[in-house]
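Asker: Input file: entry_29.tsv. Contents: TSV, C-alpha atoms.
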```
chain	number	residue	atom	x	y	z
H	1	MET	CA	12.95	8.91	22.81
H	2	SER	CA	15.54	10.36	25.20
H	3	GLY	CA	15.91	13.53	23.11
H	4	ALA	CA	12.22	14.45	23.15
H	5	ALA	CA	10.98	17.02	25.61
H	6	THR	CA	7.33	16.75	26.59
H	7	ALA	CA	4.89	19.18	28.17
H	8	SER	CA	1.58	19.18	29.98
H	9	SER	CA	-1.55	19.56	27.88
H	10	GLY	CA	-1.75	23.25	28.66
H	11	ASP	CA	1.90	24.10	27.96
H	12	HIS	CA	3.36	23.49	24.51
H	13	ASN	CA	6.44	25.70	24.87
H	14	ASN	CA	8.69	22.75	25.71
H	15	LEU	CA	7.54	20.50	22.88
H	16	ARG	CA	10.49	19.85	20.59
H	17	LEU	CA	11.19	17.23	17.95
H	18	PRO	CA	14.65	15.64	18.07
H	19	THR	CA	16.20	15.57	14.59
H	20	PRO	CA	19.82	14.45	15.02
H	21	THR	CA	20.45	13.66	11.36
H	22	LEU	CA	19.04	16.99	10.21
H	23	ASP	CA	21.11	18.81	12.84
H	24	ALA	CA	24.27	17.08	11.66
H	25	GLU	CA	23.64	17.29	7.90
H	26	SER	CA	21.77	20.57	7.45
H	27	GLN	CA	24.75	22.74	6.48
H	28	THR	CA	26.08	20.22	3.98
H	29	LEU	CA	22.61	19.70	2.55
H	30	LEU	CA	21.97	23.44	2.21
H	31	GLN	CA	25.30	23.84	0.40
H	32	SER	CA	24.30	21.10	-2.05
H	33	ILE	CA	20.90	22.72	-2.60
H	34	SER	CA	22.51	26.11	-3.21
H	35	ALA	CA	24.88	24.49	-5.70
H	36	GLN	CA	21.79	23.45	-7.68
H	37	GLY	CA	20.46	27.01	-7.70
H	38	GLY	CA	18.39	26.76	-4.54
H	39	TYR	CA	19.59	30.01	-2.94
H	40	ALA	CA	16.07	31.17	-2.12
H	41	TYR	CA	15.29	27.81	-0.56
H	42	ALA	CA	18.41	28.04	1.63
H	43	ARG	CA	17.40	31.52	2.84
H	44	MET	CA	13.87	30.34	3.73
H	45	ALA	CA	15.21	27.21	5.44
H	46	ALA	CA	17.47	29.33	7.66
H	47	LEU	CA	14.50	31.44	8.73
H	48	ALA	CA	12.43	28.28	9.29
H	49	VAL	CA	14.98	26.97	11.80
H	50	ALA	CA	14.41	30.18	13.79
H	51	GLY	CA	10.67	29.39	13.95
H	52	ASP	CA	9.33	31.40	11.00
H	53	GLN	CA	6.31	29.39	9.86
H	54	SER	CA	5.79	31.36	6.64
H	55	ALA	CA	9.40	30.78	5.66
H	56	ALA	CA	9.13	27.07	6.50
H	57	GLU	CA	6.07	26.69	4.28
H	58	ALA	CA	7.70	28.73	1.51
H	59	ALA	CA	10.74	26.42	1.55
H	60	ARG	CA	8.45	23.41	1.37
H	61	ASP	CA	6.60	24.91	-1.60
H	62	MET	CA	9.90	25.57	-3.41
H	63	ALA	CA	11.02	21.97	-2.93
H	64	TRP	CA	7.58	20.72	-4.01
H	65	GLU	CA	7.90	22.64	-7.27
H	66	GLN	CA	11.25	21.00	-7.92
H	67	LEU	CA	9.75	17.56	-7.30
H	68	HIS	CA	7.21	18.30	-10.04
H	69	SER	CA	9.58	19.95	-12.52
H	70	GLY	CA	9.72	16.83	-14.72
H	71	PRO	CA	9.47	13.02	-14.65
H	72	TRP	CA	10.04	11.62	-11.17
H	73	HIS	CA	13.18	9.71	-12.22
H	74	SER	CA	14.78	12.96	-13.41
H	75	VAL	CA	14.34	14.80	-10.09
H	76	LEU	CA	17.73	15.38	-8.43
H	77	PRO	CA	18.02	13.44	-5.12
H	78	VAL	CA	19.10	16.61	-3.33
H	79	TRP	CA	15.66	18.13	-3.93
H	80	ARG	CA	13.97	15.10	-2.40
H	81	ASP	CA	16.14	15.58	0.68
H	82	ALA	CA	15.33	19.30	0.58
H	83	TYR	CA	11.63	18.43	0.68
H	84	SER	CA	12.21	16.14	3.70
H	85	MET	CA	14.10	18.95	5.44
H	86	ALA	CA	11.29	21.42	4.79
H	87	CYS	CA	8.66	18.97	6.05
H	88	LEU	CA	10.63	18.44	9.26
H	89	ASN	CA	10.91	22.20	9.81
H	90	VAL	CA	7.17	22.68	9.23
H	91	ALA	CA	6.39	19.77	11.56
H	92	LYS	CA	8.62	21.19	14.30
H	93	ILE	CA	6.74	24.49	14.29
H	94	HIS	CA	3.32	22.81	14.39
H	95	PHE	CA	4.44	20.40	17.11
H	96	ALA	CA	5.76	23.22	19.29
H	97	ALA	CA	2.32	24.85	18.99
H	98	GLY	CA	0.55	21.63	19.99
H	99	GLU	CA	-0.88	21.21	16.46
H	100	PHE	CA	-0.29	17.48	16.28
H	101	ALA	CA	-2.47	16.61	13.28
H	102	GLU	CA	-0.75	19.28	11.18
H	103	ALA	CA	2.67	18.06	12.32
H	104	LEU	CA	1.83	14.48	11.36
H	105	GLY	CA	0.57	15.63	7.97
H	106	ALA	CA	3.88	17.37	7.24
H	107	LEU	CA	5.92	14.36	8.39
H	108	ASP	CA	3.88	11.98	6.25
H	109	MET	CA	4.42	14.12	3.19
H	110	GLY	CA	8.15	13.92	3.88
H	111	LEU	CA	7.96	10.14	4.13
H	112	ILE	CA	5.87	9.80	0.97
H	113	MET	CA	7.69	12.30	-1.26
H	114	GLY	CA	11.06	12.96	0.38
H	115	GLY	CA	14.50	11.41	0.03
H	116	MET	CA	16.31	8.86	2.17
H	117	LEU	CA	18.80	11.09	4.05
H	118	LEU	CA	16.36	12.27	6.73
H	119	ARG	CA	14.03	9.26	6.76
H	120	LYS	CA	14.98	8.14	10.26
H	121	ASP	CA	14.34	11.63	11.65
H	122	LEU	CA	10.93	11.60	9.96
H	123	HIS	CA	10.04	8.16	11.38
H	124	ASP	CA	11.25	9.01	14.88
H	125	SER	CA	9.38	12.32	14.80
H	126	VAL	CA	6.17	10.52	13.84
H	127	LEU	CA	6.54	8.34	16.96
H	128	VAL	CA	7.03	11.40	19.19
H	129	VAL	CA	4.10	13.33	17.71
H	130	SER	CA	1.82	10.29	17.75
H	131	SER	CA	2.63	9.66	21.40
H	132	GLU	CA	1.72	13.22	22.36
H	133	ALA	CA	-1.43	13.17	20.20
H	134	ARG	CA	-2.67	10.01	21.90
H	135	LYS	CA	-2.47	11.70	25.28
H	136	LYS	CA	-5.24	14.02	24.08
H	137	THR	CA	-7.41	11.31	22.59
H	138	LYS	CA	-8.34	7.70	23.18
H	139	SER	CA	-5.16	5.80	23.94
H	140	LEU	CA	-3.76	3.06	21.72
H	141	GLU	CA	-3.91	0.68	24.67
H	142	GLU	CA	-7.67	1.29	25.00
H	143	ALA	CA	-8.15	0.86	21.25
H	144	SER	CA	-6.16	-2.39	21.32
H	145	GLY	CA	-8.26	-3.92	24.08
H	146	GLU	CA	-11.70	-5.47	23.85
H	147	PHE	CA	-13.28	-4.25	20.62
H	148	MET	CA	-16.87	-3.16	21.06
H	149	GLY	CA	-17.05	-0.71	18.18
H	150	GLU	CA	-18.14	-1.00	14.58
H	151	LYS	CA	-16.77	-3.78	12.41
H	152	LEU	CA	-15.82	-2.84	8.86
H	153	VAL	CA	-16.89	-6.22	7.40
H	154	PRO	CA	-19.48	-8.45	9.08
H	155	GLU	CA	-18.86	-12.19	9.17
H	156	VAL	CA	-21.25	-13.32	6.44
H	157	PRO	CA	-20.64	-16.32	4.17
H	158	VAL	CA	-20.33	-15.79	0.42
H	159	ASP	CA	-23.54	-16.25	-1.57
H	160	VAL	CA	-22.00	-17.71	-4.71
H	161	ASN	CA	-25.14	-17.19	-6.80
H	162	GLU	CA	-25.16	-13.48	-5.97
H	163	VAL	CA	-21.41	-13.15	-6.49
H	164	LEU	CA	-21.60	-14.71	-9.96
H	165	LYS	CA	-23.84	-11.85	-11.07
H	166	ILE	CA	-20.96	-9.37	-10.72
H	167	LEU	CA	-18.01	-11.54	-11.72
H	168	PRO	CA	-16.54	-11.88	-15.24
H	169	CYS	CA	-18.08	-14.41	-17.59
H	170	ARG	CA	-17.23	-18.08	-16.87
H	171	SER	CA	-16.05	-17.36	-13.33
H	172	LEU	CA	-15.81	-20.39	-11.02
H	173	THR	CA	-16.38	-22.77	-13.95
H	174	CYS	CA	-12.78	-23.72	-14.76
H	175	ARG	CA	-10.05	-25.08	-12.53
H	176	ARG	CA	-10.13	-23.81	-8.96
H	177	VAL	CA	-6.89	-22.87	-7.21
H	178	GLU	CA	-6.06	-25.68	-4.79
H	179	LYS	CA	-6.43	-24.89	-1.09
H	180	ARG	CA	-3.92	-26.36	1.38
H	181	SER	CA	-4.23	-26.06	5.14
H	182	GLY	CA	-1.06	-25.30	7.10
H	183	LEU	CA	1.15	-26.12	4.11
H	184	SER	CA	4.71	-27.03	5.12
H	185	LEU	CA	7.67	-25.19	3.63
H	186	GLU	CA	8.85	-28.43	2.05
H	187	GLY	CA	5.43	-29.04	0.51
H	188	PHE	CA	5.23	-25.47	-0.75
H	189	LEU	CA	8.67	-25.71	-2.36
H	190	ARG	CA	8.08	-29.14	-3.90
H	191	ASP	CA	4.48	-28.84	-5.08
H	192	TYR	CA	4.07	-25.16	-6.00
H	193	PHE	CA	7.18	-22.96	-5.88
H	194	LEU	CA	9.42	-25.06	-8.13
H	195	SER	CA	6.65	-25.80	-10.62
H	196	GLY	CA	5.33	-22.23	-10.60
H	197	THR	CA	1.78	-23.19	-9.58
H	198	PRO	CA	-0.64	-20.98	-7.60
H	199	VAL	CA	-1.98	-22.26	-4.29
H	200	VAL	CA	-4.23	-20.92	-1.53
H	201	ILE	CA	-2.73	-21.51	1.92
H	202	THR	CA	-5.15	-21.61	4.84
H	203	ASN	CA	-4.64	-21.59	8.62
H	204	SER	CA	-1.33	-19.72	8.50
H	205	MET	CA	-2.35	-16.23	9.68
H	206	ALA	CA	-4.24	-16.86	12.93
H	207	HIS	CA	-1.29	-15.56	14.99
H	208	TRP	CA	-1.23	-12.16	13.23
H	209	PRO	CA	-2.49	-9.35	15.52
H	210	ALA	CA	-3.99	-7.80	12.36
H	211	ARG	CA	-6.54	-10.62	12.19
H	212	ALA	CA	-8.09	-9.42	15.46
H	213	LYS	CA	-7.56	-5.68	14.99
H	214	TRP	CA	-7.93	-4.50	11.41
H	215	ASN	CA	-11.65	-5.19	11.10
H	216	HIS	CA	-12.33	-2.57	13.76
H	217	LEU	CA	-12.82	1.06	12.82
H	218	ASP	CA	-11.83	2.33	16.28
H	219	TYR	CA	-8.45	0.63	16.13
H	220	LEU	CA	-7.56	1.82	12.64
H	221	ASN	CA	-8.56	5.38	13.51
H	222	ALA	CA	-6.56	5.24	16.74
H	223	VAL	CA	-3.29	4.12	15.16
H	224	ALA	CA	-3.55	5.78	11.75
H	225	GLY	CA	-6.45	8.24	11.62
H	226	ASN	CA	-4.32	11.38	11.42
H	227	ARG	CA	-1.80	9.94	8.97
H	228	THR	CA	-1.75	11.08	5.33
H	229	VAL	CA	-1.85	8.38	2.64
H	230	PRO	CA	-2.02	8.34	-1.18
H	231	VAL	CA	-5.21	6.85	-2.61
H	232	GLU	CA	-6.41	6.07	-6.12
H	233	VAL	CA	-9.76	7.44	-7.28
H	234	GLY	CA	-11.46	5.96	-10.34
H	235	LYS	CA	-12.39	2.59	-11.76
H	236	ASN	CA	-8.78	1.48	-12.25
H	237	TYR	CA	-5.39	2.75	-13.41
H	238	LEU	CA	-6.15	1.99	-17.08
H	239	CYS	CA	-9.10	4.42	-17.18
H	240	SER	CA	-8.70	8.00	-18.40
H	241	ASP	CA	-10.47	9.50	-15.36
H	242	TRP	CA	-8.23	7.70	-12.86
H	243	LYS	CA	-6.38	10.00	-10.46
H	244	GLN	CA	-4.50	10.03	-7.17
H	245	GLU	CA	-5.20	12.05	-4.02
H	246	LEU	CA	-3.57	12.58	-0.64
H	247	VAL	CA	-6.03	12.22	2.24
H	248	THR	CA	-5.91	11.40	5.94
H	249	PHE	CA	-6.51	7.76	6.79
H	250	SER	CA	-9.61	8.70	8.80
H	251	LYS	CA	-11.08	10.51	5.79
H	252	PHE	CA	-10.33	7.50	3.61
H	253	LEU	CA	-12.04	5.19	6.13
H	254	GLU	CA	-15.09	7.45	6.23
H	255	ARG	CA	-15.35	7.43	2.43
H	256	ILE	CA	-15.32	3.67	2.08
H	257	ARG	CA	-17.43	3.04	5.19
H	258	THR	CA	-20.26	5.39	4.18
H	259	ASN	CA	-20.17	4.49	0.48
H	260	LYS	CA	-19.09	8.01	-0.47
H	261	SER	CA	-16.68	6.09	-2.67
H	262	SER	CA	-19.04	5.33	-5.57
H	263	PRO	CA	-18.89	2.15	-7.71
H	264	MET	CA	-17.96	4.26	-10.74
H	265	GLU	CA	-15.31	6.22	-8.85
H	266	PRO	CA	-14.10	4.08	-5.92
H	267	THR	CA	-11.36	5.22	-3.57
H	268	TYR	CA	-8.63	2.62	-3.18
H	269	LEU	CA	-5.40	2.52	-1.18
H	270	ALA	CA	-3.48	0.37	-3.66
H	271	GLN	CA	0.08	-0.95	-3.73
H	272	HIS	CA	1.22	1.54	-1.12
H	273	PRO	CA	4.14	0.79	1.27
H	274	LEU	CA	1.87	1.64	4.20
H	275	PHE	CA	3.91	-0.44	6.63
H	276	ASP	CA	7.09	1.54	5.99
H	277	GLN	CA	5.07	4.61	6.91
H	278	ILE	CA	2.96	3.43	9.89
H	279	ASN	CA	4.96	1.21	12.24
H	280	GLU	CA	1.97	0.28	14.39
H	281	LEU	CA	0.34	-1.48	11.43
H	282	ARG	CA	3.63	-3.14	10.47
H	283	ASP	CA	3.78	-4.65	13.95
H	284	ASP	CA	0.39	-6.28	13.34
H	285	ILE	CA	1.61	-8.57	10.53
H	286	CYS	CA	4.31	-11.20	10.05
H	287	ILE	CA	6.31	-11.97	6.92
H	288	PRO	CA	5.25	-15.51	5.93
H	289	ASP	CA	8.07	-18.07	6.04
H	290	TYR	CA	7.12	-19.02	2.47
H	291	CYS	CA	8.68	-15.71	1.34
H	292	PHE	CA	12.14	-17.03	2.21
H	293	VAL	CA	11.84	-20.12	0.03
H	294	GLY	CA	14.25	-19.89	-2.88
H	295	GLY	CA	16.94	-18.05	-0.93
H	296	GLY	CA	16.01	-14.63	-2.28
H	297	GLU	CA	15.01	-11.34	-0.67
H	298	LEU	CA	11.78	-9.55	0.13
H	299	GLN	CA	11.32	-6.88	-2.54
H	300	SER	CA	8.25	-5.03	-1.32
H	301	LEU	CA	5.49	-5.13	1.26
H	302	ASN	CA	2.32	-3.30	0.20
H	303	ALA	CA	-1.21	-2.60	1.40
H	304	TRP	CA	-4.42	-2.94	-0.63
H	305	PHE	CA	-7.47	-1.48	1.11
H	306	GLY	CA	-10.74	-0.48	-0.48
H	307	PRO	CA	-14.50	-0.95	-0.80
H	308	ALA	CA	-16.45	-3.76	-2.43
H	309	GLY	CA	-16.28	-3.59	-6.21
H	310	THR	CA	-12.68	-2.41	-6.40
H	311	VAL	CA	-10.96	-4.02	-9.40
H	312	THR	CA	-7.32	-4.48	-10.27
H	313	PRO	CA	-7.33	-5.23	-14.02
H	314	LEU	CA	-5.57	-8.17	-15.61
H	315	HIS	CA	-1.79	-7.78	-15.29
H	316	HIS	CA	1.34	-9.63	-14.22
H	317	ASP	CA	4.18	-8.84	-11.79
H	318	PRO	CA	7.89	-9.72	-11.97
H	319	HIS	CA	8.26	-11.31	-8.53
H	320	HIS	CA	6.91	-14.16	-6.44
H	321	ASN	CA	3.85	-12.86	-4.60
H	322	ILE	CA	1.88	-13.91	-1.56
H	323	LEU	CA	-1.39	-12.00	-1.21
H	324	ALA	CA	-2.62	-12.26	2.38
H	325	GLN	CA	-6.30	-11.54	2.93
H	326	VAL	CA	-6.67	-9.93	6.38
H	327	VAL	CA	-10.19	-8.44	6.16
H	328	GLY	CA	-12.97	-9.26	3.69
H	329	LYS	CA	-13.05	-11.42	0.56
H	330	LYS	CA	-11.71	-11.20	-2.98
H	331	TYR	CA	-12.24	-12.99	-6.28
H	332	ILE	CA	-9.01	-13.69	-8.17
H	333	ARG	CA	-8.57	-15.11	-11.66
H	334	LEU	CA	-5.17	-16.31	-12.92
H	335	TYR	CA	-3.73	-17.16	-16.34
H	336	PRO	CA	-0.26	-18.72	-16.83
H	337	SER	CA	2.51	-16.63	-18.36
H	338	SER	CA	2.48	-18.87	-21.44
H	339	LEU	CA	-0.79	-17.20	-22.52
H	340	GLN	CA	0.74	-13.74	-22.90
H	341	ASP	CA	0.01	-13.35	-26.61
H	342	GLU	CA	-3.59	-14.44	-26.16
H	343	LEU	CA	-4.08	-11.75	-23.48
H	344	TYR	CA	-3.02	-8.84	-25.71
H	345	PRO	CA	-0.60	-6.86	-23.49
H	346	TYR	CA	-0.23	-3.14	-24.11
H	347	SER	CA	2.68	-2.21	-26.36
H	348	GLU	CA	3.60	0.90	-24.32
H	349	THR	CA	6.54	0.30	-22.00
H	350	MET	CA	4.75	1.65	-18.91
H	351	LEU	CA	1.78	-0.72	-19.41
H	352	CYS	CA	3.44	-3.75	-20.99
H	353	ASN	CA	2.57	-5.87	-17.94
H	354	SER	CA	-1.14	-5.04	-18.32
H	355	SER	CA	-3.66	-6.67	-20.62
H	356	GLN	CA	-5.90	-4.71	-22.98
H	357	VAL	CA	-8.63	-7.27	-22.27
H	358	ASP	CA	-11.32	-6.00	-19.89
H	359	LEU	CA	-12.55	-9.23	-18.32
H	360	ASP	CA	-15.72	-7.50	-17.13
H	361	ASN	CA	-16.66	-6.65	-20.71
H	362	ILE	CA	-14.56	-8.55	-23.24
H	363	ASP	CA	-14.58	-7.17	-26.76
H	364	LYS	CA	-14.75	-10.49	-28.63
H	365	THR	CA	-14.15	-8.84	-31.98
H	366	GLU	CA	-10.97	-7.05	-30.95
H	367	PHE	CA	-9.65	-9.79	-28.63
H	368	PRO	CA	-10.95	-13.11	-30.01
H	369	LYS	CA	-8.18	-15.25	-28.53
H	370	ALA	CA	-9.08	-14.23	-24.97
H	371	THR	CA	-12.67	-15.45	-24.88
H	372	GLU	CA	-12.25	-19.21	-24.36
H	373	LEU	CA	-8.92	-19.40	-22.54
H	374	GLU	CA	-8.58	-21.78	-19.62
H	375	PHE	CA	-7.81	-20.16	-16.27
H	376	MET	CA	-7.64	-20.84	-12.54
H	377	ASP	CA	-9.66	-18.84	-10.01
H	378	CYS	CA	-10.71	-18.70	-6.39
H	379	ILE	CA	-12.53	-16.72	-3.74
H	380	LEU	CA	-9.89	-15.69	-1.20
H	381	GLU	CA	-11.41	-15.67	2.28
H	382	GLU	CA	-10.26	-13.85	5.41
H	383	GLY	CA	-7.20	-15.54	6.88
H	384	GLU	CA	-6.08	-17.10	3.59
H	385	MET	CA	-2.99	-16.44	1.48
H	386	LEU	CA	-2.67	-16.85	-2.28
H	387	TYR	CA	0.70	-17.64	-3.87
H	388	ILE	CA	0.99	-16.04	-7.33
H	389	PRO	CA	4.11	-17.13	-9.27
H	390	PRO	CA	6.09	-14.54	-11.26
H	391	LYS	CA	4.59	-13.43	-14.58
H	392	TRP	CA	1.22	-15.11	-13.93
H	393	TRP	CA	-1.56	-12.85	-15.16
H	394	HIS	CA	-4.15	-12.02	-12.52
H	395	TYR	CA	-7.38	-10.06	-12.16
H	396	VAL	CA	-8.67	-9.12	-8.69
H	397	ARG	CA	-12.12	-7.94	-7.56
H	398	SER	CA	-13.07	-7.12	-3.96
H	399	LEU	CA	-16.34	-8.84	-3.02
H	400	THR	CA	-16.60	-6.93	0.26
H	401	MET	CA	-14.63	-4.11	1.81
H	402	SER	CA	-11.16	-5.60	1.78
H	403	PHE	CA	-7.76	-5.13	3.43
H	404	SER	CA	-4.95	-7.23	1.97
H	405	VAL	CA	-1.16	-7.34	2.20
H	406	SER	CA	1.10	-8.38	-0.68
H	407	PHE	CA	4.61	-9.75	-0.15
H	408	TRP	CA	6.85	-9.70	-3.23
H	409	TRP	CA	10.11	-11.59	-3.12
H	410	SER	CA	12.78	-12.73	-5.54
H	411	ASN	CA	14.48	-16.09	-5.56
H	412	GLU	CA	18.27	-16.44	-5.43
H	413	THR	CA	18.77	-16.46	-9.21
H	414	ASP	CA	16.61	-13.31	-9.52
H	415	SER	CA	18.78	-11.56	-6.93
H	416	TYR	CA	21.97	-12.40	-8.80
H	417	SER	CA	20.59	-11.37	-12.19
H	418	SER	CA	19.44	-7.98	-10.89
```
Now that the file is in, can you turn its structure into structure tokens?
Answerer:
Amino acid sequence: MSGAATASSGDHNNLRLPTPTLDAESQTLLQSISAQGGYAYARMAALAVAGDQSAAEAARDMAWEQLHSGPWHSVLPVWRDAYSMACLNVAKIHFAAGEFAEALGALDMGLIMGGMLLRKDLHDSVLVVSSEARKKTKSLEEASGEFMGEKLVPEVPVDVNEVLKILPCRSLTCRRVEKRSGLSLEGFLRDYFLSGTPVVITNSMAHWPARAKWNHLDYLNAVAGNRTVPVEVGKNYLCSDWKQELVTFSKFLERIRTNKSSPMEPTYLAQHPLFDQINELRDDICIPDYCFVGGGELQSLNAWFGPAGTVTPLHHDPHHNILAQVVGKKYIRLYPSSLQDELYPYSETMLCNSSQVDLDNIDKTEFPKATELEFMDCILEEGEMLYIPPKWWHYVRSLTMSFSVSFWWSNETDSYSS
């Protein structure tokens, strides 16, 4: 970071965040915002550049209101960029004052809610702030060394008899998903990809740094503790009391570690592009070669991290999916796409990929076709990957605290059709 000025721990006057894109685009962006009626925002943004913290926060609040003025898809892109700009200005002021946690919080909000124009400035600023913050605390190098601290999930084998008490009826009684060790790309293509058949792939993740690091609380706190992430609170997204919150990663870890996340209202970091946000965690994983079979493109890379008992209800996704289990264990049940009618999908457009059938408590009167359907299932262990073909219905339950990564990709024909 050649443009970043640093200072000793007692002198924060020289701490500055380099924002080359913002510097080059600010006047054009402010003109566009003013053209959409954002005159007050433009005035506050000008004062923020001069170091007025109240003005910086006021501009951020104005942009935030615009982001919530209607459905997300109807928000004008210029207001997303305005929010990114405001977050950068707030972060600059906090950083100059040596308030690193507050600066990171502002930058994360820009990454989560802002537009694309200033994304590189936001990412680069996170690296600068994180580097300075680590000088005050335990270094990343120390955290990445020999782990002596608390493990999130102890290495204990699954007690199938105990697990069956909490799983849906008939679990582990039908066809098990086949497990293949070190499956070749040719074998994957021939035996599973082309036929659209699930498979568990073992012994293909041992080289991931995440396998050695992510089960350690000290490491996760060191690289991500001050970062802000969106989490889901509630049984699952189909329940009326389900909600979303923004919390620091360290607060999230504390909730799930101390069981402050209750079984009836668990806290879950679900389907979040965490690795676009936190580069250190992205560096700990590798995209499996299987994701390039079919000649398509990677569509999304998401994190799933939560306590035991977390459930993702029965649903299907449009893409090929590899679910990589880094920490902990999960139970997964799968039904082929041909059984769609028997699984009673919701009629609403937003939920049409979700089933009305609650596998944990099937209403046999309302959903009689679902009770005796054949399915495949498995317990996904640490270090294993599950291939889920497009449109296959799947239900997921965490048997322990669990940290997984999903890789969605399209094949070549999908890419052309979209």
Asker: What does the distance from CA of Val326 in chain H to CA of Thr173 in chain H come to in Å, to one decimal?
Answerer: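 The value is 25.9 Å.
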Asker: Calculate how many Å separate CA of Thr371 in chain H from CA of Glu162 in chain H, rounding to one decimal.
Answerer: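 Spanning CA of Thr371 in chain H to CA of Glu162 in chain H is a straight-line distance of 22.7 Å.
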Asker: Might you pull out every residue within 8 Å of range 178-186 of chain H, with all atoms listed in the file counted and same-chain residues fewer than 6 positions away left off, and present them as a PyMOL selection string?
Answerer: chain H and resi 198-204+289-290+293
Asker: For Arg175 in chain H, which residue out of H:Trp72, H:Leu127, H:Cys378, H:Gln325 is the nearest one, using all atoms listed in the file?
Answerer: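 Among the listed residues, the smallest separation from Arg175 in chain H belongs to H:Cys378.
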Asker: When you draw a straight line from CA of Gly38 in chain H to CA of Lys120 in chain H, how long is it in Å?
Answerer: 24.0 Å
Asker: When you count all atoms listed in the file, which of these residues is closest to Leu334 in chain H: H:Val177, H:Ala46, H:Cys291, H:Ala308?
Answerer: H:Val177
Asker: Check the smallest atom-to-atom distance from each of H:Gln31, H:Asn353, H:Gln66, H:Gln53 to His94 in chain H using only C-alpha atoms, then report the winner.
Answerer: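 Smallest distance to His94 in chain H is found for H:Gln53.
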Asker: My list of candidates is H:Gln271, H:Thr228, H:Gly328, H:Ser69. Which is closest to Lys151 in chain H when distances are computed with only C-alpha atoms?
Answerer: H:Gly328
Asker: Listed atoms of range 48-64 of chain H, axis-aligned box, 6 Å per side: centre and edge lengths to one decimal in Å, as lines of an AutoDock Vina configuration file?
Answerer:
```
center_x = 10.4
center_y = 26.1
center_z = 5.0
size_x = 21.2
size_y = 22.7
size_z = 30.0
```
Asker: Leaving out Gly51 in chain H and any residue of its chain fewer than 6 positions from it, which residues lie within 10 Å of it when counting all atoms listed in the file, given as a ChimeraX atom specification?
Answerer: /H:45,89-90,92-94,96
Asker: Residues at most 7 Å from Pro273 in chain H, counting all atoms listed in the file, excluding those fewer than 3 positions away in the same chain, as an MDAnalysis selection string?
Answerer: chainID H and resid 276:277 301:303
Asker: Please provide the set of residues having any atom within 12 Å of Leu22 in chain H, restricted to only C-alpha atoms, with same-chain residues fewer than 3 positions apart removed, written as a ChimeraX atom specification.
Answerer: /H:17-19,25-30,45,49,81-82,84-89,92,116-122,125
Asker: Let me make sure I understand: among H:Lys329, H:Lys136, H:Lys243, H:His319, which one has the smallest atom-to-atom distance to Phe193 in chain H if we use all atoms listed in the file?
Answerer: H:His319
Asker: Kindly indicate which residue among H:Arg80, H:Lys364, H:His73, H:Arg16 lies nearest to Ser32 in chain H, using all atoms listed in the file for the distances.
Answerer: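 Nearest candidate to Ser32 in chain H out of H:Arg80, H:Lys364, H:His73, H:Arg16: H:Arg80.
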Asker: Taking 6 positions as the minimum chain separation for residues in the same chain, which residues sit within 7 Å of range 395-408 of chain H when counting all atoms listed in the file? Answer as a PyMOL selection string.
Answerer: chain H and resi 153+298-315+319-334
